[in-house]
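Input: a single structure, listed below in structure tokens.
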Amino acid sequence: MHIPDGFLDAKTALVTGGLSAAGLGYALRSVRLELPPRRVPLLGLAAAFLFAAQMVNFPVLGGTSGHLVGGALVAALLGPAAAVVVVSTVLIVQCFLFADGGVMALGANIFNMGLVSTFTGYAIFRLVARVLPGLRGQVAALAFAGWCSTVLASISCAGQLAWSGTVAWRVGLPAMAGVHALIGLGEGAVSALVFLAIVRTRPDLLPERATAGFAPAKVREFVVLGLLTALGVALFVAPFACPWPDGLESIAAKLGFAHREWSPLITSPVADYHVPGLASPGVSTALAGALGVLVVFGLAIGFSQLVVQKPARVPANSR
């Protein structure tokens, strides 16, 4: 669902850019006030995992592929504000380092996948989880929320394309929502499985249990293992991902507006997830993925450490 440059006009890019800047600013402020410093590494881990997972496209019907967005999943694990920071970090790195999504369209991509997907997914997850209590209820709620968040983000994207005059609303809406309803099934399934695995192994990492039995040393161990897992996905799974075009690319080709895509406005060092100079496409993709995992991990932690309030030191003579 990464919109390239050329699909949106100037007004749409400016409006979505302004809304995304406001939303990301609000999320950073909320993270600053609410996120304990000891949980900052979890944001880096979530960003690293999400980047690696988004490289693994899975096939859907009609020669179209999809990939995890992850907004609802990260929001369920870390809270919606932290999820906005995580998803936005991934999108920024994808845009500038890998030319995945346009520079002018970055605001629209953050709006759709960072804000719409995250906040609607989290709201639906919390609402359904109240009706379906217990662990099974939470897993089912997240599966449904993941599906809804993907479809709603695609509807937002269709609206932006229509407002830009790229494709008529009556044509773009059913096309985008239809294909992403199928992609959303994968989103919901992956989100539910990852959530279940984390809840069963480390329930203390969930926001509502963040102060109960929270062991920073064990969190560091979990982050290291999680980072190695993300690197493993990028190195050994991503090179074998489905090569079919994703939902938006497929719709653009079928509806005849793919030609509107501009050439990249900036030169990305690892464009299209391929390291220059390597003859093997598989090795090139694997190394590009590993680089991206490390970059988003460091960037997410850096963002968070800049804004998260440090605990005040208590003078020794006052103890």
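Here's how to read the names in the structure tokens: chain A, B, ... by the order shown, residue numbers from 1 in each chain, ligand numbers from 1 in the order shown.
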Restrict the calculation to only C-alpha atoms, then for each residue of range 77-121 of chain A with any atom at most 12 Å from an atom of range 258-262 of chain A give the closest atom pair and their distance in Å to one decimal, rows by chain and rising residue number, as JSON lines.
{"residue": "A:Ala99", "atom": "CA", "partner": "A:Trp262", "partner_atom": "CA", "distance": 11.6}
{"residue": "A:Gly101", "atom": "CA", "partner": "A:Glu261", "partner_atom": "CA", "distance": 10.5}
{"residue": "A:Gly102", "atom": "CA", "partner": "A:Trp262", "partner_atom": "CA", "distance": 8.6}
{"residue": "A:Val103", "atom": "CA", "partner": "A:Trp262", "partner_atom": "CA", "distance": 10.6}
{"residue": "A:Met104", "atom": "CA", "partner": "A:Trp262", "partner_atom": "CA", "distance": 10.4}
{"residue": "A:Ala105", "atom": "CA", "partner": "A:Glu261", "partner_atom": "CA", "distance": 11.1}
- Task: Taking the DSSP assignment computed from this structure's backbone, write out as a VMD selection string all residues of range 55-260 of chain A that belong to helix (DSSP H, G or I).
- Result: chain A and resid 71 to 78 80 to 98 106 to 131 134 to 163 169 to 201 203 to 205 207 to 209 216 to 236 238 to 240 247 to 255 258 to 260
So which residues touch Cys242 in chain A within 10 Å, counting only C-alpha atoms, skipping near sequence neighbours fewer than 4 positions away, as a PyMOL selection string? chain A and resi 55-60+63-67+238+246
Selection above as a file: N, CA, C and O atoms, as a PDB file, in the first residue's frame:
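The resulting selection_39.pdb:
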ATOM      1  N   MET A  55       8.862  -7.237   4.419  1.00  0.00           N
ATOM      2  CA  MET A  55       9.591  -7.703   3.239  1.00  0.00           C
ATOM      3  C   MET A  55       9.068  -9.041   2.722  1.00  0.00           C
ATOM      4  O   MET A  55       9.379  -9.433   1.597  1.00  0.00           O
ATOM      5  N   VAL A  56       8.281  -9.724   3.556  1.00  0.00           N
ATOM      6  CA  VAL A  56       7.809 -11.062   3.196  1.00  0.00           C
ATOM      7  C   VAL A  56       6.400 -10.942   2.612  1.00  0.00           C
ATOM      8  O   VAL A  56       5.392 -11.061   3.326  1.00  0.00           O
ATOM      9  N   ASN A  57       6.313 -10.700   1.328  1.00  0.00           N
ATOM     10  CA  ASN A  57       5.013 -10.657   0.665  1.00  0.00           C
ATOM     11  C   ASN A  57       4.437 -12.071   0.527  1.00  0.00           C
ATOM     12  O   ASN A  57       5.167 -13.005   0.220  1.00  0.00           O
ATOM     13  N   PHE A  58       3.132 -12.186   0.749  1.00  0.00           N
ATOM     14  CA  PHE A  58       2.458 -13.465   0.587  1.00  0.00           C
ATOM     15  C   PHE A  58       1.445 -13.349  -0.557  1.00  0.00           C
ATOM     16  O   PHE A  58       0.888 -12.282  -0.815  1.00  0.00           O
ATOM     17  N   PRO A  59       1.209 -14.440  -1.279  1.00  0.00           N
ATOM     18  CA  PRO A  59       0.320 -14.369  -2.444  1.00  0.00           C
ATOM     19  C   PRO A  59      -1.145 -14.321  -2.051  1.00  0.00           C
ATOM     20  O   PRO A  59      -1.563 -14.929  -1.058  1.00  0.00           O
ATOM     21  N   VAL A  60      -1.918 -13.564  -2.831  1.00  0.00           N
ATOM     22  CA  VAL A  60      -3.372 -13.602  -2.737  1.00  0.00           C
ATOM     23  C   VAL A  60      -3.897 -13.873  -4.151  1.00  0.00           C
ATOM     24  O   VAL A  60      -3.121 -14.094  -5.065  1.00  0.00           O
ATOM     25  N   GLY A  63      -2.824 -13.039  -8.917  1.00  0.00           N
ATOM     26  CA  GLY A  63      -1.463 -12.584  -9.157  1.00  0.00           C
ATOM     27  C   GLY A  63      -1.066 -11.382  -8.346  1.00  0.00           C
ATOM     28  O   GLY A  63      -0.169 -10.622  -8.721  1.00  0.00           O
ATOM     29  N   THR A  64      -1.711 -11.165  -7.220  1.00  0.00           N
ATOM     30  CA  THR A  64      -1.438 -10.033  -6.334  1.00  0.00           C
ATOM     31  C   THR A  64      -0.886 -10.554  -5.016  1.00  0.00           C
ATOM     32  O   THR A  64      -1.280 -11.618  -4.547  1.00  0.00           O
ATOM     33  N   SER A  65       0.025  -9.800  -4.430  1.00  0.00           N
ATOM     34  CA  SER A  65       0.587 -10.174  -3.136  1.00  0.00           C
ATOM     35  C   SER A  65       0.234  -9.119  -2.094  1.00  0.00           C
ATOM     36  O   SER A  65      -0.243  -8.034  -2.412  1.00  0.00           O
ATOM     37  N   GLY A  66       0.469  -9.462  -0.865  1.00  0.00           N
ATOM     38  CA  GLY A  66       0.254  -8.530   0.237  1.00  0.00           C
ATOM     39  C   GLY A  66       1.318  -8.728   1.286  1.00  0.00           C
ATOM     40  O   GLY A  66       2.084  -9.695   1.246  1.00  0.00           O
ATOM     41  N   HIS A  67       1.388  -7.818   2.235  1.00  0.00           N
ATOM     42  CA  HIS A  67       2.343  -7.955   3.340  1.00  0.00           C
ATOM     43  C   HIS A  67       1.723  -7.360   4.599  1.00  0.00           C
ATOM     44  O   HIS A  67       0.749  -6.611   4.542  1.00  0.00           O
ATOM     45  N   ALA A 238      12.986 -13.407   3.529  1.00  0.00           N
ATOM     46  CA  ALA A 238      12.636 -12.336   2.595  1.00  0.00           C
ATOM     47  C   ALA A 238      13.083 -12.598   1.154  1.00  0.00           C
ATOM     48  O   ALA A 238      12.346 -12.263   0.218  1.00  0.00           O
ATOM     49  N   ASP A 246       2.086  -5.813  -5.215  1.00  0.00           N
ATOM     50  CA  ASP A 246       1.209  -5.725  -4.055  1.00  0.00           C
ATOM     51  C   ASP A 246      -0.152  -5.144  -4.467  1.00  0.00           C
ATOM     52  O   ASP A 246      -0.405  -4.883  -5.653  1.00  0.00           O
TER      53      ASP A 246
END
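Comparing A:Ala241, A:Leu106, A:Val194, A:Met176 by their smallest distance to Ala76 in chain A, the closest is A:Val194 (using only C-alpha atoms).
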- Task: List the neighbours of Val128 in chain A out to 8 Å using only C-alpha atoms; skip same-chain residues closer than 4 positions along the sequence, and give me the result as a PyMOL selection string.
- Result: chain A and resi 124+132+137-138+141
Selection file, N, CA, C and O atoms, as a tab-separated table (two decimals), in the first residue's frame:
chain	number	residue	atom	x	y	z
A	124	ILE	N	-10.77	-0.99	17.55
A	124	ILE	CA	-11.57	-2.19	17.29
A	124	ILE	C	-11.11	-3.34	18.18
A	124	ILE	O	-11.92	-4.11	18.72
A	132	LEU	N	-15.42	-10.22	24.01
A	132	LEU	CA	-14.88	-11.58	24.02
A	132	LEU	C	-13.74	-11.63	25.03
A	132	LEU	O	-12.57	-11.46	24.68
A	137	GLY	N	-10.40	-14.55	23.41
A	137	GLY	CA	-11.11	-13.37	22.96
A	137	GLY	C	-10.17	-12.30	22.45
A	137	GLY	O	-10.45	-11.65	21.43
A	138	GLN	N	-9.04	-12.10	23.13
A	138	GLN	CA	-8.06	-11.11	22.68
A	138	GLN	C	-7.46	-11.49	21.33
A	138	GLN	O	-7.28	-10.64	20.46
A	141	ALA	N	-10.06	-10.93	18.76
A	141	ALA	CA	-10.26	-9.49	18.58
A	141	ALA	C	-9.15	-8.89	17.73
A	141	ALA	O	-9.40	-8.04	16.85
CA of Leu8 in chain A sits from CA of Asn109 in chain A at a separation of 11.1 Å
Can you list every residue of range 33-150 of chain A that has an atom at most 12 Å from range 24-28 of chain A, with its nearest atom pair and the distance in Å to one decimal, using only C-alpha atoms, ordered by chain then number, as a tab-separated table?
residue	atom	partner	partner_atom	distance
A:Leu33	CA	A:Leu28	CA	8.7
A:Glu34	CA	A:Leu28	CA	9.9
A:Leu35	CA	A:Leu28	CA	9.9
A:Ala75	CA	A:Ala27	CA	11.7
A:Gly79	CA	A:Ala27	CA	10.1
A:Pro80	CA	A:Ala27	CA	7.9
A:Ala81	CA	A:Ala27	CA	4.4
A:Ala82	CA	A:Ala27	CA	6.8
A:Ala83	CA	A:Ala27	CA	8.5
A:Val84	CA	A:Ala27	CA	6.3
A:Val85	CA	A:Ala27	CA	6.6
A:Val86	CA	A:Ala27	CA	10.1
A:Val87	CA	A:Leu24	CA	10.2
A:Ser88	CA	A:Leu24	CA	7.8
A:Thr89	CA	A:Leu24	CA	10.2
A:Gly107	CA	A:Leu24	CA	10.2
A:Ile110	CA	A:Leu24	CA	8.7
A:Phe111	CA	A:Leu24	CA	9.2
A:Gly114	CA	A:Leu24	CA	8.5
A:Leu115	CA	A:Leu24	CA	8.2
A:Val116	CA	A:Leu24	CA	11.9
A:Thr118	CA	A:Ala27	CA	11.2
A:Phe119	CA	A:Ala27	CA	10.7
Atoms kept (all heavy atoms) for selection, written as a short mmCIF file (atom, residue, chain, number, x, y, z; two decimals), in the first residue's frame:
data_model
loop_
_atom_site.label_atom_id
_atom_site.label_comp_id
_atom_site.auth_asym_id
_atom_site.auth_seq_id
_atom_site.Cartn_x
_atom_site.Cartn_y
_atom_site.Cartn_z
N LEU A 33 5.26 11.05 27.63
CA LEU A 33 4.58 11.12 28.92
C LEU A 33 4.27 9.75 29.51
O LEU A 33 4.18 9.61 30.73
CB LEU A 33 3.28 11.92 28.77
CG LEU A 33 3.43 13.40 28.37
CD1 LEU A 33 2.06 14.03 28.16
CD2 LEU A 33 4.22 14.17 29.42
N GLU A 34 4.07 8.75 28.64
CA GLU A 34 3.53 7.48 29.11
C GLU A 34 4.49 6.31 29.08
O GLU A 34 4.31 5.35 29.83
CB GLU A 34 2.29 7.12 28.27
CG GLU A 34 1.18 8.16 28.33
CD GLU A 34 0.09 7.91 27.31
OE1 GLU A 34 0.16 6.86 26.63
OE2 GLU A 34 -0.82 8.75 27.20
N LEU A 35 5.50 6.34 28.20
CA LEU A 35 6.35 5.16 28.04
C LEU A 35 7.50 5.18 29.05
O LEU A 35 8.31 6.12 29.05
CB LEU A 35 6.92 5.11 26.62
CG LEU A 35 7.72 3.84 26.29
CD1 LEU A 35 6.76 2.66 26.13
CD2 LEU A 35 8.53 4.04 25.00
N ALA A 75 0.10 -1.83 18.22
CA ALA A 75 -0.72 -1.07 19.15
C ALA A 75 -1.23 -1.95 20.29
O ALA A 75 -1.27 -1.52 21.45
CB ALA A 75 -1.90 -0.44 18.40
N GLY A 79 0.71 -0.16 22.79
CA GLY A 79 -0.14 1.02 22.87
C GLY A 79 -0.14 1.77 21.55
O GLY A 79 0.81 1.69 20.77
N PRO A 80 -1.20 2.53 21.25
CA PRO A 80 -1.34 3.16 19.94
C PRO A 80 -0.30 4.23 19.64
O PRO A 80 0.17 4.35 18.51
CB PRO A 80 -2.75 3.74 19.97
CG PRO A 80 -3.08 3.88 21.43
CD PRO A 80 -2.37 2.76 22.11
N ALA A 81 0.09 5.02 20.64
CA ALA A 81 1.07 6.08 20.39
C ALA A 81 2.42 5.48 20.01
O ALA A 81 3.07 5.92 19.05
CB ALA A 81 1.21 6.97 21.62
N ALA A 82 2.85 4.48 20.76
CA ALA A 82 4.12 3.82 20.43
C ALA A 82 4.04 3.17 19.07
O ALA A 82 5.02 3.16 18.31
CB ALA A 82 4.46 2.78 21.51
N ALA A 83 2.88 2.61 18.73
CA ALA A 83 2.73 1.97 17.42
C ALA A 83 2.86 2.97 16.28
O ALA A 83 3.44 2.65 15.24
CB ALA A 83 1.37 1.27 17.35
N VAL A 84 2.33 4.17 16.46
CA VAL A 84 2.47 5.21 15.43
C VAL A 84 3.95 5.53 15.21
O VAL A 84 4.41 5.66 14.07
CB VAL A 84 1.69 6.48 15.82
CG1 VAL A 84 2.03 7.63 14.88
CG2 VAL A 84 0.19 6.21 15.78
N VAL A 85 4.71 5.65 16.29
CA VAL A 85 6.15 5.92 16.18
C VAL A 85 6.86 4.78 15.46
O VAL A 85 7.70 5.00 14.58
CB VAL A 85 6.77 6.16 17.57
CG1 VAL A 85 8.28 6.33 17.47
CG2 VAL A 85 6.14 7.39 18.23
N VAL A 86 6.51 3.55 15.82
CA VAL A 86 7.15 2.37 15.21
C VAL A 86 6.86 2.30 13.72
O VAL A 86 7.77 2.17 12.89
CB VAL A 86 6.68 1.09 15.93
CG1 VAL A 86 7.07 -0.15 15.12
CG2 VAL A 86 7.29 1.00 17.32
N VAL A 87 5.58 2.37 13.35
CA VAL A 87 5.21 2.24 11.94
C VAL A 87 5.78 3.40 11.13
O VAL A 87 6.27 3.22 10.01
CB VAL A 87 3.68 2.16 11.78
CG1 VAL A 87 3.30 2.10 10.31
CG2 VAL A 87 3.14 0.94 12.51
N SER A 88 5.74 4.61 11.68
CA SER A 88 6.28 5.77 10.97
C SER A 88 7.78 5.64 10.75
O SER A 88 8.29 6.00 9.68
CB SER A 88 5.97 7.05 11.75
OG SER A 88 4.58 7.26 11.87
N THR A 89 8.48 5.12 11.73
CA THR A 89 9.92 4.91 11.58
C THR A 89 10.21 3.95 10.43
O THR A 89 11.09 4.20 9.60
CB THR A 89 10.52 4.35 12.89
OG1 THR A 89 10.28 5.27 13.95
CG2 THR A 89 12.02 4.14 12.74
N GLY A 107 3.79 11.52 3.61
CA GLY A 107 2.74 11.91 4.55
C GLY A 107 1.49 11.08 4.38
O GLY A 107 0.86 10.67 5.38
N ILE A 110 2.18 7.56 5.80
CA ILE A 110 2.14 7.56 7.26
C ILE A 110 0.70 7.71 7.75
O ILE A 110 0.29 7.07 8.72
CB ILE A 110 3.03 8.67 7.82
CG1 ILE A 110 4.51 8.33 7.59
CG2 ILE A 110 2.78 8.89 9.31
CD1 ILE A 110 5.47 9.41 8.04
N PHE A 111 -0.08 8.54 7.06
CA PHE A 111 -1.48 8.73 7.45
C PHE A 111 -2.25 7.41 7.34
O PHE A 111 -2.97 7.03 8.27
CB PHE A 111 -2.13 9.80 6.56
CG PHE A 111 -3.56 10.09 6.93
CD1 PHE A 111 -3.85 10.96 7.98
CD2 PHE A 111 -4.61 9.50 6.25
CE1 PHE A 111 -5.17 11.22 8.34
CE2 PHE A 111 -5.93 9.75 6.60
CZ PHE A 111 -6.21 10.63 7.65
N GLY A 114 0.27 4.44 9.28
CA GLY A 114 0.72 4.79 10.61
C GLY A 114 -0.38 5.30 11.52
O GLY A 114 -0.36 5.04 12.73
N LEU A 115 -1.35 6.03 10.96
CA LEU A 115 -2.41 6.61 11.78
C LEU A 115 -3.73 5.85 11.64
O LEU A 115 -4.27 5.36 12.63
CB LEU A 115 -2.60 8.08 11.41
CG LEU A 115 -1.40 9.00 11.63
CD1 LEU A 115 -1.73 10.43 11.20
CD2 LEU A 115 -0.95 8.98 13.07
N VAL A 116 -4.27 5.77 10.42
CA VAL A 116 -5.57 5.11 10.23
C VAL A 116 -5.51 3.65 10.67
O VAL A 116 -6.33 3.18 11.47
CB VAL A 116 -6.01 5.21 8.76
CG1 VAL A 116 -7.28 4.38 8.53
CG2 VAL A 116 -6.25 6.66 8.37
N THR A 118 -3.37 2.11 12.59
CA THR A 118 -3.02 1.91 14.00
C THR A 118 -4.16 2.27 14.94
O THR A 118 -4.57 1.46 15.78
CB THR A 118 -1.78 2.76 14.35
OG1 THR A 118 -0.66 2.28 13.59
CG2 THR A 118 -1.46 2.67 15.82
N PHE A 119 -4.71 3.47 14.79
CA PHE A 119 -5.73 3.92 15.74
C PHE A 119 -7.05 3.17 15.56
O PHE A 119 -7.70 2.80 16.55
CB PHE A 119 -5.95 5.43 15.62
CG PHE A 119 -4.87 6.24 16.29
CD1 PHE A 119 -4.05 7.08 15.55
CD2 PHE A 119 -4.67 6.15 17.65
CE1 PHE A 119 -3.07 7.82 16.17
CE2 PHE A 119 -3.68 6.90 18.29
CZ PHE A 119 -2.87 7.73 17.54
#
message = Give me, as a ChimeraX atom specification, all polymer residues having an atom no more than 7 Å from Tyr273 in chain A, counting only C-alpha atoms and skipping those fewer than 2 positions away in the same chain.
response = /A:98,270-271,275,285,288-289
Exercise for the section: Quick one: everything within 10 Å of Gly282 in chain A, counting only C-alpha atoms, minus sequence neighbours fewer than 6 positions away in the same chain. Send it as a list of chain:residue names. Expected result: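 Skipping anything fewer than 6 positions along the chain leaves A:Leu235, A:Phe236, A:Val237, A:Ala238, A:Pro239, A:Phe240, A:His274, A:Ala288.
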Per-residue nearest contacts range 180-298 of chain A to range 148-161 of chain A, cut-off 10 Å, using only C-alpha atoms, as a tab-separated table:
residue	atom	partner	partner_atom	distance
A:His180	CA	A:Val151	CA	5.6
A:Ala181	CA	A:Val151	CA	5.7
A:Leu182	CA	A:Val151	CA	9.0
A:Ile183	CA	A:Thr150	CA	7.6
A:Gly184	CA	A:Thr150	CA	5.4
A:Leu185	CA	A:Thr150	CA	9.0
A:Gly186	CA	A:Thr150	CA	9.9
A:Glu187	CA	A:Thr150	CA	7.4
A:Gly188	CA	A:Cys148	CA	8.5
A:Gly247	CA	A:Ser154	CA	9.1
A:Leu248	CA	A:Ser154	CA	8.7
Taking N, CA, C and O atoms for each residue, export the selection above as a JSON list (two decimals), in the first residue's frame.
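Full text of part39.json as output:
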[["chain", "number", "residue", "atom", "x", "y", "z"],
["A", 180, "HIS", "N", -7.75, -5.63, -0.69],
["A", 180, "HIS", "CA", -7.20, -5.55, 0.66],
["A", 180, "HIS", "C", -8.06, -6.29, 1.68],
["A", 180, "HIS", "O", -7.59, -6.58, 2.79],
["A", 181, "ALA", "N", -9.28, -6.63, 1.31],
["A", 181, "ALA", "CA", -10.06, -7.52, 2.17],
["A", 181, "ALA", "C", -9.42, -8.90, 2.19],
["A", 181, "ALA", "O", -9.44, -9.60, 3.22],
["A", 182, "LEU", "N", -8.83, -9.31, 1.07],
["A", 182, "LEU", "CA", -8.10, -10.58, 1.03],
["A", 182, "LEU", "C", -6.76, -10.45, 1.74],
["A", 182, "LEU", "O", -6.36, -11.34, 2.52],
["A", 183, "ILE", "N", -6.04, -9.37, 1.49],
["A", 183, "ILE", "CA", -4.76, -9.15, 2.17],
["A", 183, "ILE", "C", -4.97, -9.06, 3.68],
["A", 183, "ILE", "O", -4.15, -9.54, 4.48],
["A", 184, "GLY", "N", -6.10, -8.47, 4.08],
["A", 184, "GLY", "CA", -6.39, -8.33, 5.50],
["A", 184, "GLY", "C", -6.53, -9.66, 6.22],
["A", 184, "GLY", "O", -6.31, -9.74, 7.44],
["A", 185, "LEU", "N", -6.92, -10.71, 5.49],
["A", 185, "LEU", "CA", -6.99, -12.04, 6.12],
["A", 185, "LEU", "C", -5.61, -12.48, 6.59],
["A", 185, "LEU", "O", -5.45, -13.03, 7.68],
["A", 186, "GLY", "N", -4.60, -12.23, 5.75],
["A", 186, "GLY", "CA", -3.23, -12.54, 6.15],
["A", 186, "GLY", "C", -2.78, -11.64, 7.29],
["A", 186, "GLY", "O", -2.10, -12.10, 8.23],
["A", 187, "GLU", "N", -3.13, -10.37, 7.22],
["A", 187, "GLU", "CA", -2.79, -9.43, 8.30],
["A", 187, "GLU", "C", -3.36, -9.91, 9.64],
["A", 187, "GLU", "O", -2.65, -9.94, 10.65],
["A", 188, "GLY", "N", -4.63, -10.27, 9.63],
["A", 188, "GLY", "CA", -5.26, -10.72, 10.86],
["A", 188, "GLY", "C", -4.66, -12.00, 11.39],
["A", 188, "GLY", "O", -4.42, -12.13, 12.60],
["A", 247, "GLY", "N", -1.02, -4.95, -3.49],
["A", 247, "GLY", "CA", -2.38, -4.56, -3.80],
["A", 247, "GLY", "C", -2.49, -3.28, -4.62],
["A", 247, "GLY", "O", -3.19, -3.23, -5.64],
["A", 248, "LEU", "N", -1.82, -2.22, -4.18],
["A", 248, "LEU", "CA", -1.89, -0.94, -4.90],
["A", 248, "LEU", "C", -1.26, -1.04, -6.28],
["A", 248, "LEU", "O", -1.81, -0.52, -7.26]]
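Between CA of Val15 in chain A and CA of Ala47 in chain A lies a distance of 26.0 Å.
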Subject >> Between CA of Phe222 in chain A and CA of Ile301 in chain A - distance in Å to one decimal >> reply: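 Separation between CA of Ile301 in chain A and CA of Phe222 in chain A: 15.3 Å.
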Shell around Phe51 in chain A at 10 Å using only C-alpha atoms, local window under 4 positions removed, as a list of chain:residue names
A:Leu45, A:Ala46, A:Ala47, A:Met55, A:Val56, A:Leu68, A:Val69, A:Gly70, A:Val86, A:Val87, A:Thr89, A:Val90, A:Leu91, A:Val93, A:Gln94, A:Ala230, A:Leu231, A:Val233, A:Ala234, A:Gly289, A:Ala290, A:Gly292, A:Val293, A:Leu294, A:Val295, A:Val296, A:Phe297
Can those selected residues be exported to a file as a compact mmCIF listing (two decimals), in the first residue's frame so that it contains N, CA, C and O atoms?
# COMPACT_ATOMS: atom_id res chain seq x y z
N LEU A 45 12.70 -3.10 18.85
CA LEU A 45 12.44 -4.48 18.45
C LEU A 45 11.20 -4.55 17.57
O LEU A 45 11.19 -5.26 16.54
N ALA A 46 10.14 -3.84 17.95
CA ALA A 46 8.91 -3.86 17.15
C ALA A 46 9.16 -3.31 15.75
O ALA A 46 8.67 -3.86 14.76
N ALA A 47 9.95 -2.24 15.65
CA ALA A 47 10.26 -1.67 14.34
C ALA A 47 11.09 -2.64 13.50
O ALA A 47 10.85 -2.79 12.30
N MET A 55 8.86 -7.24 4.42
CA MET A 55 9.59 -7.70 3.24
C MET A 55 9.07 -9.04 2.72
O MET A 55 9.38 -9.43 1.60
N VAL A 56 8.28 -9.72 3.56
CA VAL A 56 7.81 -11.06 3.20
C VAL A 56 6.40 -10.94 2.61
O VAL A 56 5.39 -11.06 3.33
N LEU A 68 2.31 -7.70 5.71
CA LEU A 68 1.86 -7.20 7.00
C LEU A 68 2.01 -5.69 7.07
O LEU A 68 3.03 -5.15 6.63
N VAL A 69 1.00 -5.00 7.60
CA VAL A 69 1.13 -3.58 7.93
C VAL A 69 1.57 -3.47 9.39
O VAL A 69 2.52 -2.77 9.71
N GLY A 70 0.86 -4.14 10.28
CA GLY A 70 1.32 -4.28 11.66
C GLY A 70 0.87 -3.22 12.63
O GLY A 70 1.22 -3.29 13.81
N VAL A 86 6.51 3.55 15.82
CA VAL A 86 7.15 2.37 15.21
C VAL A 86 6.86 2.30 13.72
O VAL A 86 7.77 2.17 12.89
N VAL A 87 5.58 2.37 13.35
CA VAL A 87 5.21 2.24 11.94
C VAL A 87 5.78 3.40 11.13
O VAL A 87 6.27 3.22 10.01
N THR A 89 8.48 5.12 11.73
CA THR A 89 9.92 4.91 11.58
C THR A 89 10.21 3.95 10.43
O THR A 89 11.09 4.20 9.60
N VAL A 90 9.46 2.87 10.37
CA VAL A 90 9.63 1.89 9.29
C VAL A 90 9.36 2.54 7.94
O VAL A 90 10.13 2.37 6.98
N LEU A 91 8.30 3.31 7.84
CA LEU A 91 7.94 3.94 6.57
C LEU A 91 8.98 4.97 6.13
O LEU A 91 9.29 5.10 4.94
N VAL A 93 12.23 4.94 6.85
CA VAL A 93 13.42 4.21 6.37
C VAL A 93 13.14 3.59 5.01
O VAL A 93 13.99 3.63 4.11
N GLN A 94 11.97 2.99 4.85
CA GLN A 94 11.63 2.39 3.56
C GLN A 94 11.66 3.43 2.44
O GLN A 94 12.11 3.16 1.32
N ALA A 230 14.40 -11.22 13.80
CA ALA A 230 14.10 -10.31 12.69
C ALA A 230 15.18 -10.37 11.63
O ALA A 230 14.90 -10.37 10.42
N LEU A 231 16.43 -10.43 12.07
CA LEU A 231 17.53 -10.56 11.10
C LEU A 231 17.42 -11.88 10.35
O LEU A 231 17.70 -11.94 9.14
N VAL A 233 14.67 -13.49 9.61
CA VAL A 233 13.60 -13.35 8.62
C VAL A 233 14.10 -12.59 7.40
O VAL A 233 13.84 -12.98 6.25
N ALA A 234 14.82 -11.50 7.64
CA ALA A 234 15.33 -10.69 6.52
C ALA A 234 16.36 -11.45 5.69
O ALA A 234 16.38 -11.35 4.46
N GLY A 289 17.86 -6.37 3.47
CA GLY A 289 16.93 -6.56 4.56
C GLY A 289 17.60 -6.48 5.92
O GLY A 289 17.08 -5.86 6.85
N ALA A 290 18.77 -7.10 6.05
CA ALA A 290 19.50 -7.06 7.32
C ALA A 290 19.90 -5.62 7.65
O ALA A 290 19.80 -5.19 8.81
N GLY A 292 18.32 -2.91 6.69
CA GLY A 292 17.11 -2.21 7.08
C GLY A 292 16.68 -2.53 8.50
O GLY A 292 16.25 -1.64 9.25
N VAL A 293 16.78 -3.79 8.89
CA VAL A 293 16.42 -4.19 10.26
C VAL A 293 17.25 -3.42 11.28
O VAL A 293 16.73 -2.89 12.27
N LEU A 294 18.55 -3.36 11.06
CA LEU A 294 19.43 -2.67 12.01
C LEU A 294 19.18 -1.17 12.03
O LEU A 294 19.21 -0.53 13.09
N VAL A 295 18.91 -0.59 10.85
CA VAL A 295 18.67 0.85 10.78
C VAL A 295 17.39 1.23 11.51
O VAL A 295 17.37 2.17 12.31
N VAL A 296 16.29 0.53 11.25
CA VAL A 296 15.03 0.89 11.91
C VAL A 296 15.10 0.60 13.40
O VAL A 296 14.51 1.33 14.21
N PHE A 297 15.82 -0.44 13.79
CA PHE A 297 15.99 -0.73 15.22
C PHE A 297 16.67 0.44 15.92
O PHE A 297 16.18 0.95 16.94
* Asked: Nearest to Ala123 in chain A: which of A:Leu206, A:Ala72, A:Ala168, A:Leu193 is it, counting only C-alpha atoms?
  ->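 Of A:Leu206, A:Ala72, A:Ala168, A:Leu193, the one nearest Ala123 in chain A is A:Ala72, counting only C-alpha atoms.
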Counting only C-alpha atoms, the residue among A:Leu291, A:Leu73, A:Ala145, A:Ala48 that lies closest to Val224 in chain A is A:Ala48
